[in-house]
Structures are given as structure tokens and as C-alpha cells.
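Shown here: data.cif, mmCIF, C-alpha atoms and all ligand atoms.
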```
data_my_file
#
loop_
_atom_site.group_PDB
_atom_site.id
_atom_site.type_symbol
_atom_site.label_atom_id
_atom_site.label_comp_id
_atom_site.auth_asym_id
_atom_site.auth_seq_id
_atom_site.Cartn_x
_atom_site.Cartn_y
_atom_site.Cartn_z
ATOM 1 C CA MET A 28 78.212 70.690 -64.410
ATOM 2 C CA PHE A 29 77.799 69.619 -68.011
ATOM 3 C CA ILE A 30 81.457 69.607 -69.103
ATOM 4 C CA ILE A 31 82.160 69.979 -72.817
ATOM 5 C CA GLY A 32 85.755 69.089 -73.708
ATOM 6 C CA GLU A 33 87.206 71.764 -75.990
ATOM 7 C CA LEU A 34 90.314 70.033 -77.319
ATOM 8 C CA ILE A 35 89.068 68.653 -80.659
ATOM 9 C CA ASN A 36 89.268 72.017 -82.388
ATOM 10 C CA GLY A 37 91.256 72.840 -85.525
ATOM 11 C CA MET A 38 92.324 75.984 -83.669
ATOM 12 C CA TYR A 39 94.839 73.702 -81.945
ATOM 13 C CA LYS A 40 97.935 72.933 -84.011
ATOM 14 C CA ASN A 41 98.008 69.226 -83.135
ATOM 15 C CA VAL A 42 94.388 68.815 -84.267
ATOM 16 C CA GLN A 43 95.016 70.807 -87.433
ATOM 17 C CA GLU A 44 97.957 68.496 -88.191
ATOM 18 C CA ALA A 45 95.888 65.379 -87.469
ATOM 19 C CA ILE A 46 93.141 66.579 -89.836
ATOM 20 C CA LYS A 47 95.693 67.355 -92.544
ATOM 21 C CA ASN A 48 97.408 63.954 -92.225
ATOM 22 C CA LYS A 49 94.155 62.002 -91.683
ATOM 23 C CA ASP A 50 95.676 60.815 -88.414
ATOM 24 C CA LYS A 51 92.596 59.191 -86.901
ATOM 25 C CA LYS A 52 94.508 57.815 -83.946
ATOM 26 C CA ALA A 53 95.590 61.270 -82.756
ATOM 27 C CA ILE A 54 91.951 62.459 -82.676
ATOM 28 C CA GLN A 55 90.822 59.258 -80.938
ATOM 29 C CA GLU A 56 93.436 59.680 -78.214
ATOM 30 C CA ILE A 57 92.151 63.191 -77.459
ATOM 31 C CA ALA A 58 88.569 61.910 -77.407
ATOM 32 C CA ILE A 59 89.446 59.122 -74.964
ATOM 33 C CA ALA A 60 91.533 61.355 -72.704
ATOM 34 C CA GLN A 61 88.797 64.008 -72.475
ATOM 35 C CA THR A 62 86.143 61.393 -71.786
ATOM 36 C CA LYS A 63 88.247 59.789 -69.034
ATOM 37 C CA ALA A 64 88.805 63.239 -67.525
ATOM 38 C CA GLY A 65 85.052 63.647 -67.022
ATOM 39 C CA SER A 66 83.690 65.282 -70.174
ATOM 40 C CA SER A 67 79.910 65.017 -70.554
ATOM 41 C CA ALA A 68 80.303 65.948 -74.234
ATOM 42 C CA LEU A 69 83.077 66.692 -76.726
ATOM 43 C CA ASP A 70 83.202 69.846 -78.828
ATOM 44 C CA VAL A 71 84.041 69.111 -82.471
ATOM 45 C CA ASN A 72 85.299 72.063 -84.504
ATOM 46 C CA CYS A 73 87.140 71.746 -87.834
ATOM 47 C CA GLY A 74 88.991 75.003 -87.273
ATOM 48 C CA PRO A 75 89.417 78.009 -89.519
ATOM 49 C CA ALA A 76 91.889 76.342 -91.923
ATOM 50 C CA SER A 77 89.796 73.388 -93.091
ATOM 51 C CA ALA A 78 89.363 73.368 -96.890
ATOM 52 C CA ASN A 79 86.349 71.061 -96.886
ATOM 53 C CA PRO A 80 84.737 71.397 -93.460
ATOM 54 C CA LYS A 81 81.747 69.136 -94.214
ATOM 55 C CA ASP A 82 84.011 66.180 -94.990
ATOM 56 C CA THR A 83 86.302 67.095 -92.092
ATOM 57 C CA MET A 84 83.344 67.197 -89.678
ATOM 58 C CA LYS A 85 82.184 63.762 -90.828
ATOM 59 C CA TRP A 86 85.687 62.340 -90.586
ATOM 60 C CA LEU A 87 86.096 63.706 -87.041
ATOM 61 C CA VAL A 88 82.695 62.403 -85.893
ATOM 62 C CA GLU A 89 83.371 58.955 -87.329
ATOM 63 C CA ALA A 90 86.831 58.778 -85.781
ATOM 64 C CA ILE A 91 85.543 59.819 -82.341
ATOM 65 C CA GLN A 92 82.546 57.458 -82.417
ATOM 66 C CA GLU A 93 84.785 54.487 -83.041
ATOM 67 C CA VAL A 94 86.278 54.857 -79.570
ATOM 68 C CA VAL A 95 83.794 56.673 -77.270
ATOM 69 C CA ASP A 96 80.012 57.068 -76.853
ATOM 70 C CA THR A 97 80.343 60.585 -75.437
ATOM 71 C CA PRO A 98 77.752 63.053 -76.820
ATOM 72 C CA LEU A 99 79.124 65.458 -79.422
ATOM 73 C CA CYS A 100 78.848 69.234 -79.533
ATOM 74 C CA LEU A 101 79.039 70.116 -83.220
ATOM 75 C CA ASP A 102 80.764 73.474 -83.420
ATOM 76 C CA SER A 103 80.631 75.469 -86.645
ATOM 77 C CA THR A 104 79.364 78.802 -87.949
ATOM 78 C CA ARG A 105 78.022 76.881 -90.973
ATOM 79 C CA PRO A 106 74.696 75.021 -90.553
ATOM 80 C CA ASP A 107 75.583 72.642 -93.401
ATOM 81 C CA VAL A 108 78.747 71.600 -91.547
ATOM 82 C CA ILE A 109 76.769 71.017 -88.352
ATOM 83 C CA GLU A 110 74.198 68.956 -90.263
ATOM 84 C CA ALA A 111 76.971 66.859 -91.821
ATOM 85 C CA GLY A 112 77.915 65.841 -88.273
ATOM 86 C CA LEU A 113 74.335 65.411 -87.051
ATOM 87 C CA SER A 114 73.472 63.131 -89.973
ATOM 88 C CA ILE A 115 75.944 60.479 -88.792
ATOM 89 C CA ALA A 116 76.064 61.083 -85.024
ATOM 90 C CA LYS A 117 75.022 57.975 -83.088
ATOM 91 C CA ASN A 118 74.619 59.502 -79.632
ATOM 92 C CA LYS A 119 73.220 62.679 -78.162
ATOM 93 C CA THR A 120 74.235 65.935 -79.810
ATOM 94 C CA VAL A 121 74.464 69.639 -79.100
ATOM 95 C CA ILE A 122 74.313 72.163 -81.961
ATOM 96 C CA ASN A 123 76.965 74.851 -81.423
ATOM 97 C CA SER A 124 75.582 77.354 -82.304
ATOM 98 C CA ALA A 125 72.787 79.718 -83.322
ATOM 99 C CA TYR A 126 72.486 83.413 -82.491
ATOM 100 C CA ALA A 127 69.720 86.022 -82.518
ATOM 101 C CA ASP A 128 69.147 86.214 -86.251
ATOM 102 C CA GLN A 129 66.002 85.227 -88.145
ATOM 103 C CA GLU A 130 67.781 83.212 -90.827
ATOM 104 C CA LYS A 131 70.039 81.375 -88.340
ATOM 105 C CA LEU A 132 67.130 80.453 -86.099
ATOM 106 C CA ASP A 133 64.936 79.468 -89.085
ATOM 107 C CA THR A 134 67.652 76.980 -90.059
ATOM 108 C CA LEU A 135 69.000 75.698 -86.748
ATOM 109 C CA VAL A 136 65.902 75.395 -84.547
ATOM 110 C CA PRO A 137 64.134 73.034 -87.017
ATOM 111 C CA MET A 138 67.436 71.173 -87.381
ATOM 112 C CA ALA A 139 67.665 70.717 -83.604
ATOM 113 C CA LEU A 140 64.075 69.420 -83.546
ATOM 114 C CA LYS A 141 64.671 67.083 -86.499
ATOM 115 C CA TYR A 142 67.763 65.496 -84.920
ATOM 116 C CA ASN A 143 66.491 65.710 -81.328
ATOM 117 C CA SER A 144 69.549 67.810 -80.473
ATOM 118 C CA ALA A 145 70.223 70.358 -77.759
ATOM 119 C CA LEU A 146 71.032 73.851 -79.038
ATOM 120 C CA ILE A 147 73.454 76.573 -77.955
ATOM 121 C CA GLY A 148 72.147 80.102 -78.510
ATOM 122 C CA LEU A 149 74.717 82.890 -78.478
ATOM 123 C CA ALA A 150 73.729 86.295 -77.098
ATOM 124 C CA MET A 151 74.900 88.052 -80.227
ATOM 125 C CA SER A 152 73.488 89.213 -83.545
ATOM 126 C CA LYS A 153 74.766 89.945 -87.063
ATOM 127 C CA LYS A 154 76.031 93.218 -85.609
ATOM 128 C CA GLY A 155 78.415 91.328 -83.342
ATOM 129 C CA VAL A 156 78.865 90.786 -79.605
ATOM 130 C CA PRO A 157 77.074 93.242 -77.289
ATOM 131 C CA GLN A 158 79.089 95.224 -74.789
ATOM 132 C CA ASP A 159 76.682 95.102 -71.859
ATOM 133 C CA LYS A 160 74.319 92.885 -69.936
ATOM 134 C CA LEU A 161 71.049 94.441 -71.108
ATOM 135 C CA GLN A 162 71.824 93.983 -74.797
ATOM 136 C CA ARG A 163 72.838 90.381 -74.143
ATOM 137 C CA LEU A 164 69.567 89.751 -72.303
ATOM 138 C CA GLU A 165 67.565 91.361 -75.117
ATOM 139 C CA LEU A 166 69.125 89.007 -77.682
ATOM 140 C CA ALA A 167 68.621 86.035 -75.360
ATOM 141 C CA VAL A 168 64.909 86.875 -75.097
ATOM 142 C CA GLN A 169 64.672 86.854 -78.904
ATOM 143 C CA ILE A 170 66.147 83.348 -78.977
ATOM 144 C CA ILE A 171 63.953 82.055 -76.136
ATOM 145 C CA THR A 172 60.818 83.511 -77.738
ATOM 146 C CA TYR A 173 61.693 81.902 -81.059
ATOM 147 C CA CYS A 174 62.105 78.525 -79.344
ATOM 148 C CA GLN A 175 58.831 78.874 -77.449
ATOM 149 C CA ASP A 176 56.965 79.836 -80.635
ATOM 150 C CA ASN A 177 58.400 76.927 -82.589
ATOM 151 C CA GLY A 178 58.071 74.037 -80.178
ATOM 152 C CA PHE A 179 61.697 73.785 -79.098
ATOM 153 C CA PRO A 180 61.946 73.039 -75.345
ATOM 154 C CA VAL A 181 63.727 75.925 -73.627
ATOM 155 C CA ASN A 182 65.275 73.595 -71.050
ATOM 156 C CA ASN A 183 67.207 72.068 -73.957
ATOM 157 C CA LEU A 184 68.519 75.510 -74.967
ATOM 158 C CA TYR A 185 71.944 76.577 -73.670
ATOM 159 C CA LEU A 186 72.378 80.356 -73.645
ATOM 160 C CA ASP A 187 75.935 81.615 -74.072
ATOM 161 C CA PRO A 188 76.679 85.221 -72.996
ATOM 162 C CA ILE A 189 79.942 85.162 -75.042
ATOM 163 C CA VAL A 190 83.055 85.359 -72.949
ATOM 164 C CA LEU A 191 85.699 87.791 -74.218
ATOM 165 C CA PRO A 192 89.447 87.859 -73.445
ATOM 166 C CA VAL A 193 90.188 89.751 -70.247
ATOM 167 C CA ASN A 194 93.268 91.393 -71.769
ATOM 168 C CA VAL A 195 91.282 93.252 -74.440
ATOM 169 C CA ALA A 196 87.768 93.479 -72.953
ATOM 170 C CA GLN A 197 88.333 93.791 -69.243
ATOM 171 C CA SER A 198 84.971 95.430 -68.496
ATOM 172 C CA GLN A 199 83.110 92.448 -69.985
ATOM 173 C CA GLY A 200 83.855 89.912 -67.241
ATOM 174 C CA GLN A 201 81.411 91.459 -64.801
ATOM 175 C CA GLU A 202 78.776 91.967 -67.528
ATOM 176 C CA VAL A 203 79.030 88.299 -68.523
ATOM 177 C CA LEU A 204 78.782 87.052 -64.935
ATOM 178 C CA GLU A 205 75.665 89.109 -64.223
ATOM 179 C CA THR A 206 74.188 87.996 -67.545
ATOM 180 C CA ILE A 207 74.571 84.331 -66.599
ATOM 181 C CA ARG A 208 72.565 84.872 -63.427
ATOM 182 C CA GLU A 209 69.809 86.746 -65.233
ATOM 183 C CA PHE A 210 69.537 84.286 -68.137
ATOM 184 C CA LYS A 211 68.107 81.867 -65.613
ATOM 185 C CA ILE A 212 65.139 84.115 -64.798
ATOM 186 C CA LEU A 213 64.125 84.919 -68.378
ATOM 187 C CA SER A 214 61.676 82.034 -68.695
ATOM 188 C CA ASP A 215 59.989 79.160 -66.925
ATOM 189 C CA PRO A 216 61.230 76.518 -67.536
ATOM 190 C CA ALA A 217 64.595 78.269 -67.425
ATOM 191 C CA PRO A 218 67.137 77.980 -70.211
ATOM 192 C CA LYS A 219 70.480 76.392 -69.426
ATOM 193 C CA THR A 220 73.681 78.430 -69.564
ATOM 194 C CA VAL A 221 77.075 77.734 -71.131
ATOM 195 C CA VAL A 222 80.372 79.562 -71.709
ATOM 196 C CA GLY A 223 83.439 79.028 -73.862
ATOM 197 C CA LEU A 224 85.726 79.307 -70.858
ATOM 198 C CA SER A 225 89.169 79.515 -72.487
ATOM 199 C CA ASN A 226 88.146 82.633 -74.409
ATOM 200 C CA VAL A 227 88.656 84.589 -71.178
ATOM 201 C CA SER A 228 92.387 83.925 -71.051
ATOM 202 C CA GLN A 229 93.349 84.056 -74.732
ATOM 203 C CA GLY A 230 96.569 85.977 -75.175
ATOM 204 C CA THR A 231 97.232 86.273 -71.433
ATOM 205 C CA ASN A 232 99.783 84.868 -69.041
ATOM 206 C CA GLN A 233 98.572 82.517 -66.303
ATOM 207 C CA ARG A 234 95.852 81.059 -68.502
ATOM 208 C CA SER A 235 94.951 78.211 -66.175
ATOM 209 C CA LEU A 236 94.630 80.530 -63.153
ATOM 210 C CA ILE A 237 92.450 82.981 -65.061
ATOM 211 C CA ASN A 238 90.301 80.151 -66.457
ATOM 212 C CA ARG A 239 89.631 78.508 -63.128
ATOM 213 C CA THR A 240 88.978 81.757 -61.301
ATOM 214 C CA PHE A 241 86.449 82.815 -63.919
ATOM 215 C CA LEU A 242 84.850 79.375 -63.950
ATOM 216 C CA VAL A 243 84.268 79.353 -60.203
ATOM 217 C CA MET A 244 82.784 82.864 -60.317
ATOM 218 C CA ALA A 245 80.477 81.787 -63.158
ATOM 219 C CA GLN A 246 79.458 78.689 -61.212
ATOM 220 C CA GLY A 247 78.507 81.020 -58.378
ATOM 221 C CA CYS A 248 76.204 82.772 -60.852
ATOM 222 C CA GLY A 249 74.474 79.490 -61.713
ATOM 223 C CA LEU A 250 76.435 78.320 -64.766
ATOM 224 C CA ASP A 251 75.213 74.914 -65.992
ATOM 225 C CA SER A 252 77.822 74.010 -68.577
ATOM 226 C CA ALA A 253 81.238 75.036 -69.889
ATOM 227 C CA ILE A 254 83.370 74.313 -72.915
ATOM 228 C CA LEU A 255 86.762 73.853 -71.267
ATOM 229 C CA ASP A 256 90.009 71.901 -71.140
ATOM 230 C CA PRO A 257 89.159 68.858 -68.985
ATOM 231 C CA LEU A 258 92.828 67.814 -68.935
ATOM 232 C CA ASP A 259 93.659 70.870 -66.798
ATOM 233 C CA ASN A 260 93.680 69.213 -63.392
ATOM 234 C CA ASP A 261 93.751 72.420 -61.360
ATOM 235 C CA LEU A 262 90.744 73.651 -63.323
ATOM 236 C CA MET A 263 88.841 70.424 -62.690
ATOM 237 C CA ASP A 264 89.698 70.494 -58.962
ATOM 238 C CA ALA A 265 88.359 74.053 -58.715
ATOM 239 C CA LEU A 266 85.210 73.067 -60.621
ATOM 240 C CA ILE A 267 84.568 70.162 -58.266
ATOM 241 C CA ALA A 268 85.243 72.222 -55.129
ATOM 242 C CA ALA A 269 82.815 74.883 -56.361
ATOM 243 C CA GLU A 270 80.112 72.243 -56.910
ATOM 244 C CA LEU A 271 80.709 71.158 -53.329
ATOM 245 C CA ILE A 272 80.363 74.694 -51.943
ATOM 246 C CA LEU A 273 77.181 75.148 -53.996
ATOM 247 C CA ASN A 274 75.785 71.946 -52.433
ATOM 248 C CA LYS A 275 75.644 70.158 -55.782
ATOM 249 C CA GLN A 276 77.881 67.331 -54.542
ATOM 250 C CA ILE A 277 77.707 65.639 -51.178
ATOM 251 C CA TYR A 278 80.797 66.267 -49.036
ATOM 252 C CA CYS A 279 83.146 63.437 -48.212
ATOM 253 C CA ASP A 280 86.873 63.622 -47.429
ATOM 254 C CA SER A 281 87.716 62.202 -50.836
ATOM 255 C CA PHE A 282 85.313 64.469 -52.729
ATOM 256 C CA LEU A 283 87.739 65.084 -55.608
ATOM 257 C CA ASN A 284 88.086 61.376 -56.333
ATOM 258 C CA ALA A 285 84.409 60.731 -55.645
ATOM 259 C CA TYR A 286 83.364 63.288 -58.264
ATOM 260 C CA ARG A 287 85.825 61.924 -60.814
ATOM 261 C CA LYS A 288 84.330 58.451 -60.411
HETATM 262 N N1 LIG A 301 81.069 79.629 -77.169
HETATM 263 C C1 LIG A 301 80.636 78.546 -77.840
HETATM 264 N N2 LIG A 301 81.451 77.741 -78.542
HETATM 265 C C2 LIG A 301 82.770 78.034 -78.607
HETATM 266 C C3 LIG A 301 83.278 79.150 -77.932
HETATM 267 C C4 LIG A 301 82.383 79.976 -77.202
HETATM 268 N N3 LIG A 301 83.592 77.224 -79.322
HETATM 269 C C5 LIG A 301 84.977 77.597 -79.547
HETATM 270 C C6 LIG A 301 85.530 78.358 -78.351
HETATM 271 N N4 LIG A 301 84.622 79.405 -77.973
HETATM 272 C C7 LIG A 301 85.746 77.429 -77.183
HETATM 273 N N5 LIG A 301 86.872 76.582 -77.422
HETATM 274 C C8 LIG A 301 88.161 77.065 -77.324
HETATM 275 C C9 LIG A 301 89.187 76.246 -77.745
HETATM 276 C C10 LIG A 301 90.489 76.672 -77.654
HETATM 277 C C11 LIG A 301 90.784 77.930 -77.172
HETATM 278 C C12 LIG A 301 89.768 78.751 -76.742
HETATM 279 C C13 LIG A 301 88.456 78.326 -76.818
HETATM 280 C C14 LIG A 301 92.191 78.408 -77.105
HETATM 281 N N6 LIG A 301 93.062 77.905 -77.966
HETATM 282 C C15 LIG A 301 94.457 78.265 -78.055
HETATM 283 C C16 LIG A 301 94.600 79.779 -78.265
HETATM 284 O O1 LIG A 301 93.851 80.350 -79.077
HETATM 285 O O2 LIG A 301 95.459 80.373 -77.621
HETATM 286 C C17 LIG A 301 95.056 77.541 -79.239
HETATM 287 C C18 LIG A 301 96.558 77.599 -79.223
HETATM 288 C C19 LIG A 301 97.172 76.229 -79.129
HETATM 289 O O3 LIG A 301 97.370 75.777 -78.000
HETATM 290 O O4 LIG A 301 97.452 75.641 -80.179
HETATM 291 O O5 LIG A 301 92.511 79.249 -76.310
HETATM 292 O O6 LIG A 301 82.745 80.978 -76.573
HETATM 293 N N7 LIG A 301 79.310 78.251 -77.774
#
```

Transcribe the structure of this file into C-alpha cells.
Ligand code: THG
Amino acid sequence: MFIIGELINGMYKNVQEAIKNKDKKAIQEIAIAQTKAGSSALDVNCGPASANPKDTMKWLVEAIQEVVDTPLCLDSTRPDVIEAGLSIAKNKTVINSAYADQEKLDTLVPMALKYNSALIGLAMSKKGVPQDKLQRLELAVQIITYCQDNGFPVNNLYLDPIVLPVNVAQSQGQEVLETIREFKILSDPAPKTVVGLSNVSQGTNQRSLINRTFLVMAQGCGLDSAILDPLDNDLMDALIAAELILNKQIYCDSFLNAYRK
């Protein structure tokens, strides 16, 4: 599983505070902790409150790169903010994200090629997030076709079905899970798949339980990657056990420790 640590996001109060106070150390501690916990990449999102997101993105990337070499997943709705991060990133990057829209793809696919970056493609359009599997697949095909036509390798594309909170969109869990499985058969080579896991539990009780249950179900559907909280130990244990059941890790009695190493 390609684990993308979600905790450097201005949506979190501590990160918002650190950005406001230029508290580099606070960001670096989160970067180190997530990397130690097994993150393959770190999401970097300035949050909704940032007054100058381009400068904030650069400041975050620089702060993180001083202490870890972990690839960065540059998370913004604004291509110029993503490019601000890409322009100074030293290691591998993931662009988070494009969706099925001509203008978005015209901007972000060439950007991904220019910076040799992976790309997340959301199964949504200007009209918003679809409410069923077929519409999600239709939008995914538009993104895949665009990549194929423009020389972007589809195995470096991560399709995201868009996970919605179970308390307000309860019918969407099943649609999303089936979508993940079917994303994988849309092209050869297949695209990769990713979810923003914590979306599923926003505003609920028992967030960790809901997150890990959904994660394991999505893994069963072939999920390749998730943006998640790697410091949630129960979540990570469930992730590792699911990899074991799916024969992606060799069994040994100390499989939890073995995976973490
Ligand atoms: N797909 C893609 N990228 C994404 C998402 C996605 N990036 C952002 C988000 N969704 C994934 N990251 C998070 C980070 C935090 C939370 C949810 C998803 C979260 N935060 C607390 C909350 O809102 O309750 C913040 C409160 C706090 O603790 O301060 O749940 O789907 N490609």
C-alpha cells in the first residue's frame, strides 16, 4: 500500500497555527512522525484559511525537505499553488489533483509530465461529485483517455472515486467500493487507485473504527493507495493485516513489526 500521510493539512488547527506563526519545527515534527510511521508520501495542503497559498506551499515544502526525503503529495485546487511546490520539490511528487475537466487536464497533465510527477485524477467534474458508480467510471474514462492521448503513463495515474462522509451520504460507500474494483479494469496498463480515507468518518463518532473498516473493505477491492492518518496505530495494524490476507506480505508471527520495518 502506498500510504500518504494526511496530517500536514491546514484543515487541522495545529497546522493552521504553525503556518500562521511560521513555526517550522511543528511542521517538521509532523513530517518526521508520519515518515517513521510508514508513510510512502506526505500530503501537503495549505488549508482553506491561507491568505497566500503559493508562499505557504513553498514554506511547507522547504520545511519538510529539511528533515525528510519522503515524496510529497501537493494538495491544492489551484494549479499555481501545486506548481509552486513542484518547482522546489527535491524528491518524487504526486499532484493532488485534477478532475474530468478540459481546462484542468490541459493544465495539470503537462505539468505532471514536465516535473515527472504522478497525478491523482478525481472522478468528478465541474458539476460536482457523482452519486453512482457508472458516472464515476465515465469521468474516470475521460481522464484515462486524456492521459493516453497526451503521453502520460496511466500506471502513474491514481484514480480517486471520492469518498463521502457516511453520516450524510450513506449510500455512497458501496458505490465507491465497487468503483475502486472497476477502475482497475478500465485500461491496460491499469490505473492506480487512491482514496482520501478520513472523509468517510467526518462528523461521526468512532472515527478510527469507521476509517479502518472502510480501508480494509477498499483494500479487498484492490485499493493501491490511501491518504490517511499513519499515526493511528489501530488503522495501521488493520492495513497490515489486510495486506497479509491479500497475500501482499509474507506471513510470519511478527508480521506487524516486520511490515513496519
Ligand atoms: N482525495 C484526495 N485528496 C484529499 C482528499 C480526498 N485531500 C484532502 C482530504 N481528502 C484528505 N485529507 C484529510 C485530512 C483531514 C481530514 C480528512 C481528510 C479530517 N480532518 C478533521 C475534520 O475535518 O474533522 C480536522 C479536525 C481537526 O482534527 O482539527 O477529517 O478525498 N485526492

Name all residues at most 12 Å from Asn118 in chain A (count all atoms listed in the file; drop same-chain ones fewer than 4 positions away) and give them as a count of residues only.
21

Which polymer residues, whether protein, DNA or RNA, lie within 12 Å of the coordinate (86.2, 77.6, -57.2) when you count only C-alpha atoms? List them as a count of residues only, using the chain letters and numbers from the file.
26

For range 202-214 of chain A, please output as a list in words all residues within 6 Å (counting all atoms listed in the file; exclusion window: fewer than 2 positions along the same chain).
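Once the adjacent positions are removed, what remains is Asp159, Lys160, Pro188, Gln199, Gly200, Pro216, Ala217, Ala245, Cys248 and Gly249 of chain A.
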
All residues within 10 Å of ligand LIG 301 (chain A) are required, counting all atoms listed in the file; please report them as a PyMOL selection string.
chain A and resi 31-43+70-72+74+100-104+121-126+146-150+185-192+220-231+234+253-256

Between A:Thr134, A:Gln129, A:Ser77, A:Gln55, which residue has the minimum interatomic distance to Ser152 in chain A, considering only C-alpha atoms?
A:Gln129

Work out how far CA of Val156 in chain A is from CA of Lys219 in chain A, in Å to one decimal.
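Between CA of Lys219 in chain A and CA of Val156 in chain A the gap is 19.5 Å.
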
So how many Å separate CA of Ile109 in chain A and CA of Met84 in chain A, to one decimal?
7.7 Å

Skipping near chain neighbours, those fewer than 5 positions away, what residues fall within 12 Å of Gly178 in chain A using only C-alpha atoms, listed as an MDAnalysis selection string?
chainID A and resid 136:137 139:141 143 171:173 183:184

To one decimal place in Å, what is the distance between CA of Ala111 in chain A and CA of Ile170 in chain A?
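It comes out at 23.5 Å.
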
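Minimum distance to Gln61 in chain A across A:Ala76, A:Gln169, A:Val193, A:Pro257 (counting all atoms listed in the file) occurs at A:Pro257.
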
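In this comparison, which uses only C-alpha atoms, the residue of A:Leu164, A:Ile277, A:Ala116, A:Leu283 approaching Asn260 in chain A most closely is A:Leu283.
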
Pick the closest to Ile59 in chain A from A:Ala285, A:Cys73, A:Met151, A:Leu258: which is it, counting only C-alpha atoms?
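When distances to Ile59 in chain A are compared using only C-alpha atoms, the smallest one comes from A:Leu258.
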
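Between Asp133 in chain A and the candidates A:Lys153, A:Asn177, A:Val168, A:Ala78, the tightest atom-to-atom separation, counting all atoms listed in the file, involves A:Asn177.
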
Which is closer to Gln175 in chain A than all the others in A:Pro218, A:Thr83, A:Gln197, A:Lys154, using all atoms listed in the file?
A:Pro218
